[in-house]
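*Asks:* Sharing run-v9.cif below, mmCIF, C-alpha atoms:
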```
data_final
loop_
_atom_site.group_PDB
_atom_site.id
_atom_site.type_symbol
_atom_site.label_atom_id
_atom_site.label_comp_id
_atom_site.auth_asym_id
_atom_site.auth_seq_id
_atom_site.Cartn_x
_atom_site.Cartn_y
_atom_site.Cartn_z
ATOM 1 C CA MET A 24 11.698 7.857 -10.114
ATOM 2 C CA ILE A 25 8.815 6.195 -8.244
ATOM 3 C CA LEU A 26 5.428 7.909 -7.960
ATOM 4 C CA THR A 27 2.812 7.164 -5.316
ATOM 5 C CA VAL A 28 -0.826 8.200 -5.652
ATOM 6 C CA THR A 29 -2.960 8.916 -2.570
ATOM 7 C CA LEU A 30 -6.323 10.292 -3.634
ATOM 8 C CA ASN A 31 -7.798 10.191 -0.119
ATOM 9 C CA ALA A 32 -4.830 11.416 1.925
ATOM 10 C CA ALA A 33 -5.224 12.000 5.643
ATOM 11 C CA VAL A 34 -3.629 13.033 8.870
ATOM 12 C CA ASP A 35 -3.278 9.761 10.778
ATOM 13 C CA ARG A 36 -3.131 9.761 14.556
ATOM 14 C CA THR A 37 -2.047 6.568 16.330
ATOM 15 C CA ILE A 38 -2.295 6.287 20.110
ATOM 16 C CA ALA A 39 -1.265 3.488 22.441
ATOM 17 C CA VAL A 40 -3.846 2.766 25.165
ATOM 18 C CA PRO A 41 -3.204 -0.166 27.552
ATOM 19 C CA ASN A 42 -6.260 -2.327 28.327
ATOM 20 C CA PHE A 43 -8.439 -0.381 25.919
ATOM 21 C CA ARG A 44 -12.169 -0.907 26.470
ATOM 22 C CA LEU A 45 -15.123 0.722 24.767
ATOM 23 C CA GLY A 46 -17.129 3.049 26.970
ATOM 24 C CA GLN A 47 -14.275 3.575 29.452
ATOM 25 C CA ARG A 48 -11.982 6.530 30.173
ATOM 26 C CA HIS A 49 -8.305 5.898 29.362
ATOM 27 C CA ARG A 50 -4.935 7.623 29.323
ATOM 28 C CA ALA A 51 -2.717 7.146 26.307
ATOM 29 C CA VAL A 52 0.896 6.182 27.013
ATOM 30 C CA GLU A 53 2.207 7.090 23.569
ATOM 31 C CA ALA A 54 0.939 8.912 20.491
ATOM 32 C CA ARG A 55 2.111 9.826 17.027
ATOM 33 C CA THR A 56 0.538 11.942 14.298
ATOM 34 C CA VAL A 57 1.746 11.612 10.709
ATOM 35 C CA ALA A 58 0.632 12.328 7.171
ATOM 36 C CA GLY A 59 -1.207 9.231 5.995
ATOM 37 C CA GLY A 60 -3.107 7.290 3.404
ATOM 38 C CA LYS A 61 -1.692 4.154 1.764
ATOM 39 C CA GLY A 62 0.334 5.893 -0.922
ATOM 40 C CA VAL A 63 1.721 8.431 1.540
ATOM 41 C CA ASN A 64 2.784 5.619 3.878
ATOM 42 C CA VAL A 65 4.532 3.866 0.986
ATOM 43 C CA ALA A 66 6.279 7.096 -0.008
ATOM 44 C CA ARG A 67 7.511 7.606 3.552
ATOM 45 C CA ALA A 68 8.942 4.094 3.684
ATOM 46 C CA LEU A 69 10.547 4.478 0.240
ATOM 47 C CA ARG A 70 12.199 7.689 1.400
ATOM 48 C CA LEU A 71 13.560 5.900 4.487
ATOM 49 C CA LEU A 72 14.863 3.148 2.187
ATOM 50 C CA GLY A 73 16.707 5.755 0.142
ATOM 51 C CA ARG A 74 14.702 5.432 -3.087
ATOM 52 C CA PRO A 75 13.698 8.442 -5.229
ATOM 53 C CA VAL A 76 9.975 9.011 -4.740
ATOM 54 C CA ILE A 77 7.382 11.730 -5.266
ATOM 55 C CA ALA A 78 4.096 11.486 -3.356
ATOM 56 C CA THR A 79 1.106 12.752 -5.339
ATOM 57 C CA GLY A 80 -2.597 12.951 -4.658
ATOM 58 C CA LEU A 81 -5.307 15.302 -3.438
ATOM 59 C CA ALA A 82 -5.127 17.493 -0.327
ATOM 60 C CA GLY A 83 -7.380 20.226 0.976
ATOM 61 C CA GLY A 84 -8.075 22.593 3.845
ATOM 62 C CA ALA A 85 -6.052 23.037 7.006
ATOM 63 C CA THR A 86 -5.691 19.269 7.362
ATOM 64 C CA GLY A 87 -4.265 19.055 3.859
ATOM 65 C CA THR A 88 -1.803 21.838 4.626
ATOM 66 C CA ARG A 89 -0.748 20.039 7.791
ATOM 67 C CA LEU A 90 -0.119 16.727 6.052
ATOM 68 C CA LEU A 91 1.939 18.386 3.317
ATOM 69 C CA ASP A 92 3.973 20.259 5.933
ATOM 70 C CA GLN A 93 4.642 16.980 7.723
ATOM 71 C CA LEU A 94 5.837 15.324 4.529
ATOM 72 C CA ARG A 95 8.194 18.228 3.858
ATOM 73 C CA GLN A 96 9.592 17.852 7.364
ATOM 74 C CA GLU A 97 10.257 14.193 6.548
ATOM 75 C CA SER A 98 12.001 15.212 3.285
ATOM 76 C CA VAL A 99 9.390 13.427 1.164
ATOM 77 C CA MET A 100 8.981 15.176 -2.177
ATOM 78 C CA THR A 101 5.339 16.015 -2.935
ATOM 79 C CA ALA A 102 3.254 17.109 -5.918
ATOM 80 C CA PHE A 103 -0.280 17.151 -4.534
ATOM 81 C CA THR A 104 -3.232 18.897 -6.159
ATOM 82 C CA ARG A 105 -5.117 21.192 -3.818
ATOM 83 C CA ILE A 106 -8.883 20.704 -3.490
ATOM 84 C CA ALA A 107 -11.606 22.807 -1.867
ATOM 85 C CA GLY A 108 -12.711 20.141 0.638
ATOM 86 C CA GLU A 109 -11.024 19.336 3.938
ATOM 87 C CA SER A 110 -8.763 16.286 3.907
ATOM 88 C CA ARG A 111 -9.736 13.612 6.395
ATOM 89 C CA THR A 112 -8.325 12.655 9.775
ATOM 90 C CA ASN A 113 -8.008 8.990 10.805
ATOM 91 C CA LEU A 114 -7.512 7.460 14.245
ATOM 92 C CA ALA A 115 -5.911 4.171 15.254
ATOM 93 C CA VAL A 116 -5.967 2.935 18.848
ATOM 94 C CA ILE A 117 -3.323 0.336 19.740
ATOM 95 C CA ASP A 118 -3.603 -1.754 22.898
ATOM 96 C CA PRO A 119 -0.015 -2.753 23.787
ATOM 97 C CA THR A 120 -1.223 -5.312 26.322
ATOM 98 C CA SER A 121 -3.141 -7.372 23.744
ATOM 99 C CA GLY A 122 -1.721 -6.239 20.423
ATOM 100 C CA GLU A 123 -5.217 -5.413 19.181
ATOM 101 C CA GLN A 124 -5.812 -2.311 17.120
ATOM 102 C CA THR A 125 -8.957 -0.328 16.367
ATOM 103 C CA GLU A 126 -9.066 1.939 13.327
ATOM 104 C CA ILE A 127 -11.562 4.734 12.645
ATOM 105 C CA ASN A 128 -11.230 6.196 9.157
ATOM 106 C CA GLU A 129 -13.172 9.189 7.893
ATOM 107 C CA ARG A 130 -14.820 8.948 4.488
ATOM 108 C CA GLY A 131 -12.974 11.886 2.962
ATOM 109 C CA PRO A 132 -13.972 15.154 1.242
ATOM 110 C CA GLU A 133 -16.164 15.458 -1.830
ATOM 111 C CA VAL A 134 -14.093 16.188 -4.943
ATOM 112 C CA SER A 135 -15.168 17.755 -8.202
ATOM 113 C CA ALA A 136 -14.524 16.513 -11.727
ATOM 114 C CA GLU A 137 -12.408 19.612 -12.351
ATOM 115 C CA GLU A 138 -10.179 18.846 -9.353
ATOM 116 C CA VAL A 139 -9.713 15.264 -10.512
ATOM 117 C CA GLU A 140 -8.790 16.416 -14.026
ATOM 118 C CA LEU A 141 -6.170 18.815 -12.655
ATOM 119 C CA PHE A 142 -4.665 15.946 -10.676
ATOM 120 C CA VAL A 143 -4.634 13.579 -13.661
ATOM 121 C CA GLU A 144 -2.934 16.192 -15.833
ATOM 122 C CA ARG A 145 -0.260 16.742 -13.219
ATOM 123 C CA LEU A 146 0.306 13.027 -12.612
ATOM 124 C CA LEU A 147 0.752 12.243 -16.289
ATOM 125 C CA TYR A 148 3.262 15.063 -16.611
ATOM 126 C CA LEU A 149 5.295 13.665 -13.696
ATOM 127 C CA ALA A 150 4.975 10.136 -15.072
ATOM 128 C CA LYS A 151 7.137 11.069 -18.050
ATOM 129 C CA GLY A 152 10.088 10.878 -15.676
ATOM 130 C CA ALA A 153 8.955 7.834 -13.690
ATOM 131 C CA SER A 154 9.393 4.090 -14.102
ATOM 132 C CA ILE A 155 6.932 2.870 -11.426
ATOM 133 C CA CYS A 156 3.650 4.339 -10.175
ATOM 134 C CA LEU A 157 1.865 2.917 -7.160
ATOM 135 C CA LEU A 158 -1.896 3.546 -6.909
ATOM 136 C CA ALA A 159 -3.057 2.865 -3.376
ATOM 137 C CA GLY A 160 -5.971 3.245 -1.038
ATOM 138 C CA SER A 161 -9.524 4.534 -1.291
ATOM 139 C CA VAL A 162 -10.796 7.367 -3.460
ATOM 140 C CA PRO A 163 -12.835 10.264 -2.055
ATOM 141 C CA PRO A 164 -16.531 10.804 -2.760
ATOM 142 C CA GLY A 165 -17.136 12.329 -6.170
ATOM 143 C CA ALA A 166 -14.352 10.432 -7.940
ATOM 144 C CA SER A 167 -15.482 7.984 -10.618
ATOM 145 C CA GLU A 168 -15.486 4.259 -9.824
ATOM 146 C CA ASP A 169 -13.075 3.604 -12.685
ATOM 147 C CA LEU A 170 -10.556 6.344 -11.887
ATOM 148 C CA TYR A 171 -7.743 3.909 -11.098
ATOM 149 C CA ALA A 172 -8.557 1.983 -14.278
ATOM 150 C CA ARG A 173 -8.204 5.175 -16.289
ATOM 151 C CA LEU A 174 -4.882 6.013 -14.647
ATOM 152 C CA ILE A 175 -3.535 2.501 -15.240
ATOM 153 C CA ALA A 176 -4.347 2.726 -18.947
ATOM 154 C CA GLU A 177 -2.834 6.203 -19.274
ATOM 155 C CA LEU A 178 0.328 5.249 -17.390
ATOM 156 C CA ARG A 179 0.792 2.066 -19.389
ATOM 157 C CA GLY A 180 0.732 4.208 -22.530
ATOM 158 C CA LEU A 181 3.674 6.146 -21.086
ATOM 159 C CA GLY A 182 5.606 2.949 -20.360
ATOM 160 C CA VAL A 183 5.179 3.224 -16.579
ATOM 161 C CA LEU A 184 4.828 0.029 -14.523
ATOM 162 C CA THR A 185 1.693 0.251 -12.359
ATOM 163 C CA VAL A 186 1.146 -1.321 -8.937
ATOM 164 C CA LEU A 187 -2.438 -1.356 -7.600
ATOM 165 C CA ASP A 188 -3.485 -1.746 -3.954
ATOM 166 C CA THR A 189 -7.111 -0.871 -3.283
ATOM 167 C CA ASP A 190 -10.479 -2.559 -2.758
ATOM 168 C CA GLY A 191 -14.091 -2.641 -3.852
ATOM 169 C CA GLU A 192 -15.163 -1.425 -7.277
ATOM 170 C CA GLN A 193 -11.929 0.523 -7.748
ATOM 171 C CA MET A 194 -10.090 -2.798 -7.460
ATOM 172 C CA ARG A 195 -12.405 -4.654 -9.841
ATOM 173 C CA ALA A 196 -12.340 -1.885 -12.455
ATOM 174 C CA GLY A 197 -8.596 -1.446 -11.975
ATOM 175 C CA LEU A 198 -7.980 -5.136 -12.615
ATOM 176 C CA ARG A 199 -9.859 -4.926 -15.906
ATOM 177 C CA ALA A 200 -7.357 -2.227 -16.963
ATOM 178 C CA GLU A 201 -4.541 -4.801 -16.542
ATOM 179 C CA PRO A 202 -2.142 -3.328 -13.953
ATOM 180 C CA ALA A 203 1.360 -4.788 -13.976
ATOM 181 C CA VAL A 204 1.088 -5.802 -10.304
ATOM 182 C CA VAL A 205 -1.834 -6.028 -7.891
ATOM 183 C CA ALA A 206 -1.045 -6.329 -4.172
ATOM 184 C CA PRO A 207 -4.094 -6.522 -1.867
ATOM 185 C CA ASN A 208 -4.261 -7.997 1.607
ATOM 186 C CA VAL A 209 -6.353 -11.099 2.260
ATOM 187 C CA PRO A 210 -9.747 -9.378 2.880
ATOM 188 C CA GLU A 211 -9.287 -7.140 -0.188
ATOM 189 C CA ALA A 212 -8.356 -10.122 -2.361
ATOM 190 C CA GLU A 213 -11.295 -12.178 -1.036
ATOM 191 C CA GLU A 214 -13.668 -9.340 -1.894
ATOM 192 C CA ALA A 215 -12.203 -9.004 -5.397
ATOM 193 C CA VAL A 216 -12.433 -12.698 -6.347
ATOM 194 C CA GLY A 217 -15.645 -13.393 -4.436
ATOM 195 C CA HIS A 218 -14.640 -16.194 -2.053
ATOM 196 C CA GLU A 219 -12.902 -16.665 1.296
ATOM 197 C CA PHE A 220 -9.413 -18.095 1.704
ATOM 198 C CA ASN A 221 -9.426 -20.870 4.296
ATOM 199 C CA ASP A 222 -6.158 -22.572 3.374
ATOM 200 C CA SER A 223 -3.169 -22.419 1.013
ATOM 201 C CA ASP A 224 -5.186 -23.919 -1.849
ATOM 202 C CA ASP A 225 -7.737 -21.121 -1.526
ATOM 203 C CA LEU A 226 -4.925 -18.570 -1.569
ATOM 204 C CA ALA A 227 -3.584 -20.122 -4.754
ATOM 205 C CA LEU A 228 -7.019 -19.928 -6.334
ATOM 206 C CA GLY A 229 -7.272 -16.317 -5.187
ATOM 207 C CA LEU A 230 -3.999 -15.445 -6.900
ATOM 208 C CA THR A 231 -5.203 -17.201 -10.043
ATOM 209 C CA GLY A 232 -8.464 -15.274 -9.878
ATOM 210 C CA LEU A 233 -6.646 -11.936 -9.683
ATOM 211 C CA LEU A 234 -4.616 -12.875 -12.755
ATOM 212 C CA GLU A 235 -7.741 -13.932 -14.643
ATOM 213 C CA MET A 236 -9.320 -10.584 -13.765
ATOM 214 C CA GLY A 237 -6.474 -8.769 -15.505
ATOM 215 C CA ALA A 238 -3.415 -8.423 -13.241
ATOM 216 C CA GLY A 239 -0.035 -9.150 -14.810
ATOM 217 C CA GLU A 240 1.310 -10.345 -11.459
ATOM 218 C CA ALA A 241 -0.548 -10.931 -8.170
ATOM 219 C CA ILE A 242 0.657 -10.641 -4.580
ATOM 220 C CA VAL A 243 -1.521 -11.162 -1.498
ATOM 221 C CA THR A 244 -0.070 -10.003 1.806
ATOM 222 C CA THR A 245 -0.769 -12.190 4.845
ATOM 223 C CA ALA A 246 -0.052 -11.999 8.568
ATOM 224 C CA GLU A 247 3.025 -14.186 8.007
ATOM 225 C CA GLY A 248 4.322 -12.493 4.847
ATOM 226 C CA CYS A 249 2.888 -12.944 1.363
ATOM 227 C CA VAL A 250 1.972 -15.327 -1.433
ATOM 228 C CA ALA A 251 2.511 -14.386 -5.059
ATOM 229 C CA ILE A 252 2.437 -15.429 -8.674
ATOM 230 C CA VAL A 253 4.976 -13.321 -10.546
ATOM 231 C CA GLY A 254 6.783 -13.257 -13.867
ATOM 232 C CA GLU A 255 5.513 -13.819 -17.388
ATOM 233 C CA GLY A 256 5.190 -16.839 -19.662
ATOM 234 C CA ALA A 257 7.814 -19.495 -19.042
ATOM 235 C CA GLU A 258 9.291 -17.302 -16.277
ATOM 236 C CA ARG A 259 6.078 -17.272 -14.223
ATOM 237 C CA ARG A 260 6.609 -18.533 -10.673
ATOM 238 C CA ARG A 261 4.538 -18.977 -7.512
ATOM 239 C CA PHE A 262 6.174 -18.089 -4.189
ATOM 240 C CA GLU A 263 5.349 -17.998 -0.505
ATOM 241 C CA ALA A 264 7.494 -15.653 1.585
ATOM 242 C CA THR A 265 7.225 -15.773 5.379
ATOM 243 C CA ILE A 266 9.047 -14.584 8.473
ATOM 244 C CA GLU A 267 8.668 -15.573 12.098
ATOM 245 C CA ALA A 268 6.383 -13.049 13.785
ATOM 246 C CA LEU A 269 7.977 -10.285 15.843
ATOM 247 C CA GLU A 270 6.425 -8.930 19.023
ATOM 248 C CA PRO A 271 4.640 -5.933 17.486
ATOM 249 C CA VAL A 272 4.466 -2.381 18.707
ATOM 250 C CA ALA A 273 1.805 -1.713 16.055
ATOM 251 C CA THR A 274 0.784 -3.441 12.850
ATOM 252 C CA VAL A 275 -0.952 -0.418 11.296
ATOM 253 C CA GLY A 276 0.534 0.125 7.853
ATOM 254 C CA SER A 277 2.718 -2.984 7.762
ATOM 255 C CA GLY A 278 1.227 -3.859 4.374
ATOM 256 C CA ASP A 279 2.217 -0.426 3.091
ATOM 257 C CA SER A 280 5.793 -1.009 4.250
ATOM 258 C CA PHE A 281 5.764 -4.395 2.506
ATOM 259 C CA LEU A 282 4.705 -2.676 -0.690
ATOM 260 C CA ALA A 283 7.428 -0.057 -0.288
ATOM 261 C CA GLY A 284 10.050 -2.746 0.165
ATOM 262 C CA TYR A 285 8.799 -4.741 -2.814
ATOM 263 C CA THR A 286 8.705 -1.626 -5.002
ATOM 264 C CA ALA A 287 12.133 -0.458 -3.823
ATOM 265 C CA ALA A 288 13.701 -3.792 -4.734
ATOM 266 C CA ARG A 289 11.891 -3.926 -8.075
ATOM 267 C CA TYR A 290 13.073 -0.403 -8.893
ATOM 268 C CA GLU A 291 16.649 -1.603 -8.373
ATOM 269 C CA GLY A 292 16.127 -4.548 -10.730
ATOM 270 C CA ALA A 293 16.080 -7.319 -8.110
ATOM 271 C CA THR A 294 14.702 -10.780 -8.909
ATOM 272 C CA PRO A 295 11.071 -11.582 -8.001
ATOM 273 C CA ARG A 296 12.289 -13.746 -5.116
ATOM 274 C CA GLU A 297 14.468 -10.896 -3.809
ATOM 275 C CA CYS A 298 11.653 -8.360 -4.196
ATOM 276 C CA LEU A 299 9.240 -10.473 -2.149
ATOM 277 C CA ALA A 300 11.828 -11.193 0.562
ATOM 278 C CA PHE A 301 12.746 -7.529 0.918
ATOM 279 C CA GLY A 302 9.076 -6.565 1.079
ATOM 280 C CA VAL A 303 8.394 -9.077 3.857
ATOM 281 C CA ALA A 304 11.422 -7.859 5.833
ATOM 282 C CA CYS A 305 10.213 -4.255 5.523
ATOM 283 C CA GLY A 306 6.679 -5.157 6.564
ATOM 284 C CA ALA A 307 7.923 -7.072 9.598
ATOM 285 C CA GLU A 308 10.333 -4.334 10.693
ATOM 286 C CA SER A 309 7.639 -1.674 10.438
ATOM 287 C CA THR A 310 5.640 -3.436 13.180
ATOM 288 C CA GLN A 311 8.322 -2.303 15.621
ATOM 289 C CA HIS A 312 7.292 1.344 15.255
ATOM 290 C CA LEU A 313 4.277 3.525 16.011
ATOM 291 C CA GLY A 314 3.180 5.221 12.804
ATOM 292 C CA ALA A 315 2.494 3.673 9.392
ATOM 293 C CA GLY A 316 5.329 3.567 6.880
ATOM 294 C CA THR A 317 8.034 3.955 9.514
ATOM 295 C CA LEU A 318 10.987 1.586 9.419
ATOM 296 C CA ASP A 319 14.725 1.318 10.035
ATOM 297 C CA ARG A 320 16.736 0.275 6.977
ATOM 298 C CA ARG A 321 19.522 -1.234 9.099
ATOM 299 C CA GLU A 322 17.029 -3.420 10.945
ATOM 300 C CA VAL A 323 15.437 -4.442 7.640
ATOM 301 C CA ASP A 324 18.840 -5.698 6.465
ATOM 302 C CA ARG A 325 19.206 -7.591 9.736
ATOM 303 C CA LEU A 326 15.821 -9.281 9.297
ATOM 304 C CA LEU A 327 16.264 -10.117 5.614
ATOM 305 C CA PRO A 328 18.134 -13.435 6.164
ATOM 306 C CA ARG A 329 15.235 -14.585 8.366
ATOM 307 C CA VAL A 330 12.742 -14.407 5.494
ATOM 308 C CA ASP A 331 11.941 -17.841 4.060
ATOM 309 C CA VAL A 332 10.958 -17.786 0.378
ATOM 310 C CA ARG A 333 9.626 -21.075 -1.012
ATOM 311 C CA GLU A 334 8.741 -21.772 -4.624
ATOM 312 C CA LEU A 335 5.462 -23.630 -5.023
ATOM 313 C CA GLU A 336 3.771 -25.336 -7.917
ATOM 314 C CA ILE A 337 1.867 -23.114 -10.297
ATOM 315 C CA PRO A 338 -1.867 -23.991 -10.293
ATOM 316 C CA ALA A 339 -3.084 -25.743 -13.420
ATOM 317 C CA GLY A 340 -4.287 -23.442 -16.158
ATOM 318 C CA VAL A 341 -2.120 -20.448 -15.213
ATOM 319 C CA HIS A 342 0.019 -19.261 -18.118
#
```
For this file, produce the structure as structure tokens.

*Replies:*
Amino acid sequence: MILTVTLNAAVDRTIAVPNFRLGQRHRAVEARTVAGGKGVNVARALRLLGRPVIATGLAGGATGTRLLDQLRQESVMTAFTRIAGESRTNLAVIDPTSGEQTEINERGPEVSAEEVELFVERLLYLAKGASICLLAGSVPPGASEDLYARLIAELRGLGVLTVLDTDGEQMRAGLRAEPAVVAPNVPEAEEAVGHEFNDSDDLALGLTGLLEMGAGEAIVTTAEGCVAIVGEGAERRRFEATIEALEPVATVGSGDSFLAGYTAARYEGATPRECLAFGVACGAESTQHLGAGTLDRREVDRLLPRVDVRELEIPAGVH
């Protein structure tokens, strides 16, 4: 079983607005509303890929009820902890004429220590039957800055492989807890290691920095695919996986679909090279749909041969 954790779940609304301009009146040509948050998006994609997954997290109010109802309609198994506050609503505006997207994300509801403890207790119970747990996205106000770090340590004690995808202090504290895999995008990785990535050498240094901060393996998703240092000891390898860009419908959540593909392949025991290739194919295919975490497994299989995975030299000093 795979678990996903979404502590700041949301109802995500994506609308397509041609020639979108601030301060102007527009008519949307397409819209979709789905349950959202990084972990929820990953769970949706895993379900579409046919992998066993339970989406966990915090949900509250009428918005929380709506997002859980939507997940049930999509046949995604859930084990959320109810909270008193109202779950957030996020908005993404896609301009199909330019491909640009504008995202407006609410901060999320305040949570109490008691609500967090109820969630942790429930997660650790479920983790006894899981092999992978993905911790993704922001945490709501009121949660401690080291909550992900605590969960990583607890899950490791249960023999569960942890995958971390977040930013800010949660990322830095989480890295110190030594997650098995960390998988940020470029801006999140730059923030974590403290420098910008201007070329492939900078990306390599960024991966090295994430490992030095505590990650067992490091993946950074890019517009073209991903770069990664994976494996342990003598088996450690550095890869770059890319695919020729598709004409996108929307790129919102493509990183979440990458992570779902990577996790799905890893759950099945695929090689690191195969995991990265499948993740890139899933991320690319998801750009053909409106709504994060949505993909077509048959189209993923069609795209998979188009993914180019190259092995690169490991930077000096990485063991």

*Asks:* What residues come out when you apply the PyMOL selection byres ((chain A and resi 87) around 12) to this file, written as a PyMOL selection string?

*Replies:* chain A and resi 30-35+57-60+80-86+88-94+103-112+131-132

*Asks:* Work out how far apart atom CA of A:Leu147 and atom CA of A:Tyr290 are and give it in Å to one decimal.

*Replies:*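 Those two atoms sit 19.1 Å apart.
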
*Asks:* Find the axis-aligned box for stretch 282-298 of chain A, covering all its listed atoms and adding 5 Å on each side, and write its centre and edge lengths in Å to one decimal as JSON.

*Replies:*
```
{"center_x": 10.7, "center_y": -6.9, "center_z": -5.3, "size_x": 21.9, "size_y": 23.7, "size_z": 20.9}
```

*Asks:* Listing only residues of stretch 25-81 of chain A within 12 Å of stretch 302-317 of chain A, what is the closest atom pair and its distance in Å (to one decimal) for each, using all atoms listed in the file, sorted by chain and residue number ascending, as JSON lines?

*Replies:*
```
{"residue": "A:Ala33", "atom": "CA", "partner": "A:Ala315", "partner_atom": "CA", "distance": 12.0}
{"residue": "A:Val34", "atom": "CA", "partner": "A:Gly314", "partner_atom": "CA", "distance": 11.1}
{"residue": "A:Asp35", "atom": "CA", "partner": "A:Gly314", "partner_atom": "CA", "distance": 8.1}
{"residue": "A:Arg36", "atom": "CA", "partner": "A:Gly314", "partner_atom": "CA", "distance": 8.0}
{"residue": "A:Thr37", "atom": "CA", "partner": "A:Gly314", "partner_atom": "CA", "distance": 6.4}
{"residue": "A:Ile38", "atom": "CA", "partner": "A:Leu313", "partner_atom": "CA", "distance": 8.2}
{"residue": "A:Ala39", "atom": "CA", "partner": "A:Leu313", "partner_atom": "CA", "distance": 8.5}
{"residue": "A:Val52", "atom": "CA", "partner": "A:Leu313", "partner_atom": "CA", "distance": 11.8}
{"residue": "A:Glu53", "atom": "CA", "partner": "A:Leu313", "partner_atom": "CA", "distance": 8.6}
{"residue": "A:Ala54", "atom": "CA", "partner": "A:Leu313", "partner_atom": "CA", "distance": 7.8}
{"residue": "A:Arg55", "atom": "CA", "partner": "A:Gly314", "partner_atom": "CA", "distance": 6.3}
{"residue": "A:Thr56", "atom": "CA", "partner": "A:Gly314", "partner_atom": "CA", "distance": 7.4}
{"residue": "A:Val57", "atom": "CA", "partner": "A:Gly314", "partner_atom": "CA", "distance": 6.9}
{"residue": "A:Ala58", "atom": "CA", "partner": "A:Ala315", "partner_atom": "CA", "distance": 9.1}
{"residue": "A:Gly59", "atom": "CA", "partner": "A:Ala315", "partner_atom": "CA", "distance": 7.5}
{"residue": "A:Gly60", "atom": "CA", "partner": "A:Ala315", "partner_atom": "CA", "distance": 9.0}
{"residue": "A:Lys61", "atom": "CA", "partner": "A:Gly316", "partner_atom": "CA", "distance": 8.7}
{"residue": "A:Gly62", "atom": "CA", "partner": "A:Gly316", "partner_atom": "CA", "distance": 9.6}
{"residue": "A:Val63", "atom": "CA", "partner": "A:Gly316", "partner_atom": "CA", "distance": 8.1}
{"residue": "A:Asn64", "atom": "CA", "partner": "A:Gly316", "partner_atom": "CA", "distance": 4.4}
{"residue": "A:Val65", "atom": "CA", "partner": "A:Gly316", "partner_atom": "CA", "distance": 6.0}
{"residue": "A:Ala66", "atom": "CA", "partner": "A:Gly316", "partner_atom": "CA", "distance": 7.8}
{"residue": "A:Arg67", "atom": "CA", "partner": "A:Gly316", "partner_atom": "CA", "distance": 5.7}
{"residue": "A:Ala68", "atom": "CA", "partner": "A:Gly316", "partner_atom": "CA", "distance": 4.9}
{"residue": "A:Leu69", "atom": "CA", "partner": "A:Gly316", "partner_atom": "CA", "distance": 8.5}
{"residue": "A:Arg70", "atom": "CA", "partner": "A:Gly316", "partner_atom": "CA", "distance": 9.7}
{"residue": "A:Leu71", "atom": "CA", "partner": "A:Thr317", "partner_atom": "CA", "distance": 7.7}
{"residue": "A:Leu72", "atom": "CA", "partner": "A:Cys305", "partner_atom": "CA", "distance": 9.4}
```

*Asks:* Using only C-alpha atoms, can you tell me which of A:Val250, A:Leu269, A:Gly237, A:Leu299 comes closest to A:Asp225?

*Replies:*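 Using only C-alpha atoms, A:Asp225 sits closest to A:Val250.
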
*Asks:* List the neighbours of A:Pro164 out to 10 Å using only C-alpha atoms; skip same-chain residues closer than 3 positions along the sequence, and give me the result as number ranges by chain.

*Replies:* A: 31, 130-135, 161, 167-168

*Asks:* Go through A:Ala251, A:Leu226, A:Ala102, A:Leu187 one by one, measure the shortest atom-to-atom distance of each to A:Leu146 using all atoms listed in the file, and give the residue with the smallest value.

*Replies:*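 Result for the nearest residue to A:Leu146: A:Ala102.
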
*Asks:* Fewer than 5 positions away in the same chain doesn't count, so skip those; otherwise give me all residues within 7 Å of stretch 212-219 of chain A, counting all atoms listed in the file, as a list in words.

*Replies:*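 Everything that qualifies: Gly191, Met194, Arg195, Pro207, Gly229, Gly232, Leu233 and Val243 of chain A.
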
*Asks:* Emit a file covering stretch 153-161 of chain A of the preceding structure with N, CA and C atoms, as a PDB file, in the first residue's frame.

*Replies:*
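Output (selection34.pdb):
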```pdb
ATOM      1  N   ALA A 153       1.689  -0.233   5.090  1.00  0.00           N
ATOM      2  CA  ALA A 153       2.180   0.493   3.914  1.00  0.00           C
ATOM      3  C   ALA A 153       3.667   0.258   3.708  1.00  0.00           C
ATOM      4  N   SER A 154       4.109   0.420   2.456  1.00  0.00           N
ATOM      5  CA  SER A 154       5.536   0.324   2.157  1.00  0.00           C
ATOM      6  C   SER A 154       6.128   1.673   1.763  1.00  0.00           C
ATOM      7  N   ILE A 155       5.295   2.601   1.272  1.00  0.00           N
ATOM      8  CA  ILE A 155       5.754   3.929   0.868  1.00  0.00           C
ATOM      9  C   ILE A 155       4.774   4.970   1.404  1.00  0.00           C
ATOM     10  N   CYS A 156       5.305   6.073   1.919  1.00  0.00           N
ATOM     11  CA  CYS A 156       4.461   7.200   2.325  1.00  0.00           C
ATOM     12  C   CYS A 156       5.022   8.474   1.718  1.00  0.00           C
ATOM     13  N   LEU A 157       4.184   9.189   1.006  1.00  0.00           N
ATOM     14  CA  LEU A 157       4.577  10.428   0.358  1.00  0.00           C
ATOM     15  C   LEU A 157       4.025  11.604   1.142  1.00  0.00           C
ATOM     16  N   LEU A 158       4.921  12.496   1.581  1.00  0.00           N
ATOM     17  CA  LEU A 158       4.565  13.684   2.357  1.00  0.00           C
ATOM     18  C   LEU A 158       4.720  14.884   1.444  1.00  0.00           C
ATOM     19  N   ALA A 159       3.612  15.565   1.135  1.00  0.00           N
ATOM     20  CA  ALA A 159       3.689  16.566   0.072  1.00  0.00           C
ATOM     21  C   ALA A 159       2.900  17.822   0.388  1.00  0.00           C
ATOM     22  N   GLY A 160       3.469  18.942  -0.033  1.00  0.00           N
ATOM     23  CA  GLY A 160       2.761  20.204   0.033  1.00  0.00           C
ATOM     24  C   GLY A 160       2.992  20.974   1.322  1.00  0.00           C
ATOM     25  N   SER A 161       2.251  22.066   1.460  1.00  0.00           N
ATOM     26  CA  SER A 161       2.380  22.951   2.614  1.00  0.00           C
ATOM     27  C   SER A 161       1.660  22.367   3.821  1.00  0.00           C
TER      28      SER A 161
END
```
